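Contents: one structure, followed by commentary.
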Protein chains: 2
Amino acid sequence: MLNKLRFFLLGSPLRTQDAHESRLDKIRALAAFSPDALSSIAYANQEIYLGLVVAGSAGLVLAWPIGLAIALLLVIVSISYYQTIQGYPSGGGSYMVARENLGIKPGLVAGAALLIDYILTAAVSLTAGVDAIISAFPSLLPYRVTISLAILGIITILNLRGLRETGVVMAVPVYLFLFTYLGMLGYGLVRALIDGPGDFIAAPSPVEPLTILLILHAFSSGCTALTGIEAISNSVPSFKTPQEKNAQTTLIAMALLMGILFVGSIGLTQYFAITTTGHETILSGLARHLLGTGPLYYLIQISTTLILAVAANTSFTGFPRVAAILAKDSYLPRQLTNVGDRLVFGNGILLLSVGAGALIVLFQGDTHTLVPLFAIGVFLAFTLSQAGMVIHWWRVRADERNWRLKAAFNGIGALATAITLVVVGVSKFSQGAWITIFLIPSIVVLFTRIQNHYKEVAAQLTLRGLPPSLHALPEQRLVVPISGIHRGSLDAVRFALSLSTKVTVVYVEMTPGSSEEISKKMSEWFPDLTLEILPSPYRSIVAPLVSYIRKHDEDHDDGQQAVLVLPEFVPTRWWQGLMHNQTAWLLKAALLYRRPAHGKRRVIIDVAYHLDD
Amino acid sequence: MLNKLRFFLLGSPLRTQDAHESRLDKIRALAAFSPDALSSIAYANQEIYLGLVVAGSAGLVLAWPIGLAIALLLVIVSISYYQTIQGYPSGGGSYMVARENLGIKPGLVAGAALLIDYILTAAVSLTAGVDAIISAFPSLLPYRVTISLAILGIITILNLRGLRETGVVMAVPVYLFLFTYLGMLGYGLVRALIDGPGDFIAAPSPVEPLTILLILHAFSSGCTALTGIEAISNSVPSFKTPQEKNAQTTLIAMALLMGILFVGSIGLTQYFAITTTGHETILSGLARHLLGTGPLYYLIQISTTLILAVAANTSFTGFPRVAAILAKDSYLPRQLTNVGDRLVFGNGILLLSVGAGALIVLFQGDTHTLVPLFAIGVFLAFTLSQAGMVIHWWRVRADERNWRLKAAFNGIGALATAITLVVVGVSKFSQGAWITIFLIPSIVVLFTRIQNHYKEVAAQLTLRGLPPSLHALPEQRLVVPISGIHRGSLDAVRFALSLSTKVTVVYVEMTPGSSEEISKKMSEWFPDLTLEILPSPYRSIVAPLVSYIRKHDEDHDDGQQAVLVLPEFVPTRWWQGLMHNQTAWLLKAALLYRRPAHGKRRVIIDVAYHLDD
């Protein structure tokens with residue numbers, strides 16, 4: 001039944017040999033890799049606005065200079081990644097670049113930052129997408145957590161199915177977004193020329209003084225506009241040949257579009273002196289100002305939600321891949337490398353989905369409280385990746401004519417993002433950045449712990465030191481606990497006799513006197529076998545058996561461990577099992593998974609006797 | 001670690017031979033069996049008030065006549081149970097009386113009604129107790145679910161420990177309650193004589209017309225005052241000798257106290273024309289009116305909460321016992337008869353706790369929405385029990401001189417409670433009584449289903465028809481799936497060789513080509529064994545193994561089933577298990593618990609190889 005549901009939701013399994021990845025041309029690549037970057041303006045603009053509005057109109061006029069500063073950062077980071085594409089044509093994720101050039105620890109830091117980022121991208125994109133819906137339909141506010149989780153669920157299922165169609169299906173929302181937003185901004189420019197500037201008379205009165213910290217704070221929040229810019233350089237192998245050149249062209253196109261959208265929207269917002277009330281986003285305010293509350297306005301809101309959903313989806317490509325790379329290096333549980341039925345990293349997808357879902361629930365679907373956690377990871381990964389590139393150019397200096405110039409560009413990138421990182425860390429520390437600052441080193445510690453565990457296991461399981469030929473073990477001592485005399489228990493005894501001649505049957509006597517009947521019947525059916533009666537003054541089945549087995553091992557002292565043969569009868573329906581004592585489970589927990597006093601082996605033989613329907 | 005926590009919370013195990021029940025004198029018996037009955041006034045009064053206040057002051061003046069009608073019912077039911085004590089000196093629970101005299105089906109209906117009642121008593125007593133707290137401290141309103149659940153948790157743990165001290169510890173809240181309430185009522189009587197009557201000028205204006213249905217409705221709600229009256233007749237064996245006489249005296253005392261408290265409080269409330277606002281209970285309103293908001297008022301509220309907590313606790317004595325009786329008759333899962341470490345029916349206690357907790361959460365801790373579910377079960381059990389007593393007297397008519405008179409009294413009781421049952425069922429149907437009306441027959445169906453299952457199992461496990469002597473089975477075919485060549489898997493192969501000479505090792509090849517290395521190594525270590533390679537185009541481990549085993553059975557056709565030997569290595573810490581594929585579990589689910597195509601037996605041998613720390 002579960003299998004049927006799974007087939008319905010996820011489709012039937014795919015064969016390993018059918019795995020292939022189609023190469024993307026520039027148009028489809030832009031659609032596949034840009035949603036995260038382009039959609040960032042939805043929350044970045046909003047955060048700049050929320051950061052400044054507390055200082056009233058005196059604060060809001062700073063949106064434009066802050067926007068320009070972030071745009072400058074965008075140019076620097078874009079150039080850096082342009083070079084990363086050239087340096088790592090096989091795909092230069094931050095983890096790989098940092099590990100190869102800066103060492104394992106910085107690589108792991110970058111890896112931890114990336115994992116956190118992907119989870120936050122998914123969570124923030126979803127909540128920001130729901131914010132766009134709520135701006136249009138304020139009555140949906142009480143359901144924002146539910147709506148976010150519903151979209152998350154749909155994205156999770158689609159990804160577990162395997163999104164073969166990535167480039168094609170994704171292209172629609174991306175180009176719809178570009179088309180509607182560029183159209184709106186162009187129209188806004190015309191309106192600006194005709195209408196002239198607005199003023200902030202409607203702006204809320206200031207509740208906080210305009211301090212440097214407040215400005216830095218707004219800048220930090222706005223830096224989330226840069227999230228997703230690294231996606232193209234991570235995925236160079238997905239491009240059609242000439243891969244590097246195509247990837248670089250696409251990166252330039254994406255950076256240009258990001259710049260136009262970001263600077264354009266923030267500029268118009270300030271020019272028209274737009275403010276909003278309630279839960280309306282500032283982008284919604286701009287759209288409503290320009291287009292009125294008509295079909296075009298709703299189209300803008302829908303396209304915003306759609307591209308944000310697609311942006312959340314990009315995490316579902318990135319996170320499982322990074323997790324699988326880390327797991328292959330033994331820094332995360334091996335299961336994350338499993339390729340599921342549908343040729344996707346199913347466990348990674350589920351882990352991301354659970355993580356993003358937990359964030360949405362914990363933060364009550366509120367983008368504004370989630371964003372402070374966000375920028376730290378992003379800029380840490382940027383910095384490590386760019387710093388790694390500086391080392392990279394120095395390493396390949398023999399083969400690279402302009403290595404100094406290139407190292408300088410990446411160096412400037414690293415420096416700019418490092419400064420931003422510090423600014424973000426300080427100005428946002430108490431609002432939530434501390435969570436990320438605390439989490440990243442914790443995850444790095446976890447990575448190394450996990451790797452140590454795998455190393456330890458491998459050392460213990462190695463064949464080195466084993467004698468050159470292995471023979472069968474001596475005859476085993478089997479202990480069969482029975483709860484009564486019936487077909488199931490007698491069958492288990494017969495089975496035990498087929499494996500060994502050393503069979504002991506035991507009965508745990510919970511109700512004093514109940515053993516007499518059992519003894520009598522046993523001697524009728526198996527006159528040659530001895531039945532041991534174990535008294536149980538505390539009415540426990542497990543404790544007397546465990547101590548009997550320990551004694552059995554001590555008495556025989558043959559270097560082996562007694563083997564428990566567990567008769568279990570299995571009803572035809574699983575829920576009928578609820579009507580029988582599940583002693584077998586308790587015994588397994590108490591014996592199988594606890595180390596025997598001597599030796600390393602503990603064996604339990606489950607003899608399941610199936611009942612008829 | 002879990003064991004330590006358990007010992008800390010529940011204490012160390014007790015020996016079976018130490019089980020004994022101390023006999024209670026009348027004073028302690030009253031404390032042990034009356035809390036449920038006495039505390040009912042807390043919610044019964046409240047429900048009458050809430051039922052009438054919607055009709056304004058015209059409604060509220062009917063509280064007194066309704067109170068008298070319920071008091072009359074109390075007299076009738078008390079006389080009925082007085083006789084039950086004589087007829088069933090070994091303890092006449094509704095289930096037993098109904099089953100013996102009316103037949104199995106009515107007995108099961110009574111049993112289902114009782115179980116539901118006990119759960120509702122626990123839930124309603126807790127929420128009503130929290131209502132008393134909230135009346136005194138209105139700011140706690142948002143936490144009422146949490147507070148109810150916390151008290152429920154404490155009661156659950158105390159009962160799992162085994163409340164040896166029942167009579168002693170319980171006596172304090174019960175006598176505190178009697179002392180404070182009787183004191184207050186006495187003082188109220190004096191004040192009534194001095195102050196004269198109040199009037200309902202402050203009463204809320206009516207929002208509903210005063211209809212017959214509204215009056216019946218208030219009466220039905222008030223009938224919950226009678227809950228718990230059967231407790232003494234259920235527990236005659238707990239009394240000191242002369243048991244019957246002592247139990248009867250205690251019953252009379254309890255009924256008198258109930259009557260005084262109920263009629264007294266409802267009379268004073270109406271005389272002073274007390275109304276309340278917000279979430280304050282009417283009893284709290286009465287106490288505030290008489291005592292002012294001072295220490296005495298808080299004492300009243302505390303003693304109300306305490307006796308209601310003790311009343312909830314009485315369910316924890318009754319429910320597990322009834323569940324164990326039903327389970328002994330195979331109407332409920334056998335585990336409910338298990339006597340735990342501390343000589344209590346632990347599973348019954350947990351089941352009750354989960355049920356009451358679920359009701360509290362589902363109904364958001366609101367007494368008023370819970371009460372309509374309540375009275376149906378209570379009066380159904382009353383009716384069946386009294387009707388059973390009529391038959392009982394007729395049956396023993398030879399030995400009982402006054403059997404006609406006694407049958408008449410029980411008959412009147414049965415009739416009165418049956419009429420009340422119909423009134424409650426009709427007037428409260430849509431408010432929640434339908435849930436109970438639907439649940440009781442469903443539970444009866446469940447009872448018979450469960451009994452049928454046990455009968456079916458017994459029939460299949462009977463030894464009848466087995467050949468007179470049983471021998472060992474033929475040599476077993478063992479199949480050892482390995483995931484690689486390491487100490488753990490080689491150990492499992494050696495173990496398998498010690499049980500049988502028919503050993504096949506299989507390797508599921510998930511990554512094409514990975515089997516070559518394995519084959520080479522296997523032939524080095526075990527040159528005599530054959531290694532089967534199972535291709536797995538869909539990367540599943542379970543499916544190829546399951547079909548291989550099916551084929552193995554078909555090819556050999558020896559009437560036996562292939563035995564799976566599962567090498568498992570066990571890390572030292574349970575969480576380290578998260579870092580390894582738990583294929584063993586999947587295989588067990590797919591093989592052990594599914595019936596083999598031929599025969600009834602399926603065996604899995606777990607070979608656990610324990611790693612060092």
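Each chain in the structure tokens gets a letter, A, B, ..., in the order shown, and its residues are numbered from 1; ligands are numbered from 1 in order too.
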### Task
Could you give me, as a list in words, the residues within 8 Å of range 188-196 of chain A, counting only C-alpha atoms and dropping anything in the same chain fewer than 3 positions from it?
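Returned residues: Met184, Leu185, Leu268, Tyr271, Phe272 and Leu290 of chain A.
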Since we have the selection now, will you write its residues out, keeping N, CA and C atoms, as a short mmCIF file (atom, residue, chain, number, x, y, z; two decimals), in the first residue's frame?
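Resulting contents of part-v8.cif:
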data_model
loop_
_atom_site.label_atom_id
_atom_site.label_comp_id
_atom_site.auth_asym_id
_atom_site.auth_seq_id
_atom_site.Cartn_x
_atom_site.Cartn_y
_atom_site.Cartn_z
N MET A 184 7.52 46.75 -16.14
CA MET A 184 7.06 47.69 -15.11
C MET A 184 8.09 48.78 -14.85
N LEU A 185 9.37 48.37 -14.78
CA LEU A 185 10.40 49.37 -14.50
C LEU A 185 10.50 50.38 -15.64
N LEU A 268 13.16 53.65 -8.28
CA LEU A 268 11.78 54.12 -8.48
C LEU A 268 11.04 54.24 -7.16
N TYR A 271 12.17 57.39 -5.69
CA TYR A 271 11.77 58.56 -6.47
C TYR A 271 10.31 58.89 -6.22
N PHE A 272 9.49 57.84 -6.18
CA PHE A 272 8.06 58.07 -5.94
C PHE A 272 7.74 58.14 -4.45
N LEU A 290 2.35 52.06 -9.53
CA LEU A 290 2.50 52.24 -10.97
C LEU A 290 1.31 51.69 -11.75
#
Contact residues around Tyr298 in chain A with only C-alpha atoms at 10 Å, ignoring same-chain residues under 4 positions, as a CSV table (one decimal) with C-alpha atoms, in the first residue's frame:
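For reference, selection-v2.csv as written:
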chain,number,residue,atom,x,y,z
A,132,ALA,CA,3.9,38.6,-2.3
A,133,ILE,CA,0.6,36.7,-2.2
A,135,SER,CA,0.4,41.7,-0.2
A,136,ALA,CA,-2.3,41.1,-2.9
A,137,PHE,CA,-4.7,39.1,-0.6
A,284,SER,CA,4.0,45.4,-4.1
A,287,ALA,CA,3.6,47.9,-8.4
A,288,ARG,CA,0.3,49.2,-6.9
A,291,LEU,CA,-0.2,49.8,-12.1
A,292,GLY,CA,-3.1,50.4,-9.7
A,293,THR,CA,-4.8,47.4,-8.1
A,294,GLY,CA,-5.7,45.8,-11.5
A,302,ILE,CA,2.0,36.1,-9.2
A,303,SER,CA,5.2,36.3,-11.2
A,304,THR,CA,7.0,37.3,-8.0
### Message
as a PyMOL selection string, please: the residues near range 423-439 of chain A (cut-off 9 Å, only C-alpha atoms, same-chain neighbours under 5 positions excluded).
### Response
chain A and resi 112-113+116+213-214+216-217+219-221+223+369-377+379+418+444
### Message
Measuring between only C-alpha atoms, which one of B:Ala358, B:Gly513, B:Thr367, B:Arg342 shows the shortest distance to Gln17 in chain B?
### Response
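Of B:Ala358, B:Gly513, B:Thr367, B:Arg342, the one nearest Gln17 in chain B is B:Arg342, counting only C-alpha atoms.
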### Task
Find the residues near Ala44 in chain A: any atom within 8 Å, counting only C-alpha atoms, skip ones fewer than 4 places away on the same chain, and give them as a list in words.
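The filter keeps Ser40, Ile48, Ser221, Gly222, Cys223, Thr224 and Ala225 of chain A.
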Export N, CA and C atoms of the chosen residues as a PDB file, in the first residue's frame?
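Dumped to part-v3.pdb:
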ATOM      1  N   SER A  40      16.114  37.468  -5.520  1.00  0.00           N
ATOM      2  CA  SER A  40      16.593  38.060  -4.263  1.00  0.00           C
ATOM      3  C   SER A  40      16.077  39.475  -4.063  1.00  0.00           C
ATOM      4  N   ILE A  48      15.806  46.369   3.076  1.00  0.00           N
ATOM      5  CA  ILE A  48      16.359  47.728   3.103  1.00  0.00           C
ATOM      6  C   ILE A  48      15.276  48.702   3.573  1.00  0.00           C
ATOM      7  N   SER A 221      21.211  43.906   5.425  1.00  0.00           N
ATOM      8  CA  SER A 221      20.003  43.203   4.994  1.00  0.00           C
ATOM      9  C   SER A 221      19.909  43.206   3.482  1.00  0.00           C
ATOM     10  N   GLY A 222      20.270  44.332   2.870  1.00  0.00           N
ATOM     11  CA  GLY A 222      20.179  44.440   1.425  1.00  0.00           C
ATOM     12  C   GLY A 222      21.153  43.539   0.706  1.00  0.00           C
ATOM     13  N   CYS A 223      22.250  43.174   1.379  1.00  0.00           N
ATOM     14  CA  CYS A 223      23.255  42.318   0.751  1.00  0.00           C
ATOM     15  C   CYS A 223      22.702  40.956   0.377  1.00  0.00           C
ATOM     16  N   THR A 224      21.563  40.584   0.946  1.00  0.00           N
ATOM     17  CA  THR A 224      20.959  39.323   0.538  1.00  0.00           C
ATOM     18  C   THR A 224      20.556  39.360  -0.937  1.00  0.00           C
ATOM     19  N   ALA A 225      20.594  40.562  -1.544  1.00  0.00           N
ATOM     20  CA  ALA A 225      20.330  40.659  -2.979  1.00  0.00           C
ATOM     21  C   ALA A 225      21.333  39.827  -3.777  1.00  0.00           C
TER      22      ALA A 225
END
#### Entry: Neighbour list for Gly153 in chain B as a list in words, cut-off 10 Å, only C-alpha atoms, skip fewer than 4 positions in-chain
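Here the qualifying residues turn out to be Ile147, Ser148, Leu149, Ile157, Leu158, Asn159, Ser353, Val354 and Gly357 of chain B.
Residues within 9 Å of Gly11 in chain A, counting only C-alpha atoms and excluding same-chain residues fewer than 2 positions away, are Arg6, Phe7, Phe8, Leu9, Pro13, Leu14, Arg161, Asp341 and Arg342 of chain A.
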### Task
Can you work out the spacing between CA of Ala71 in chain B and CA of Met170 in chain B in Å, to one decimal?
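Rounded to one decimal, the two atoms are 26.0 Å apart.
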### Task
Could you tell me which of A:Gly162, A:Gly355, A:Pro596, A:Gly103 comes closest to chain B if we count only C-alpha atoms?
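Nearest to chain B: A:Pro596.
Among the candidates B:Pro571, B:Pro138, B:Pro197, B:Gly599, the one nearest to Tyr454 in chain A when counting only C-alpha atoms is B:Pro571.
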### Query
Do you have the CA of Gly488 in chain A-CA of Thr462 in chain B distance handy?
9.2 Å
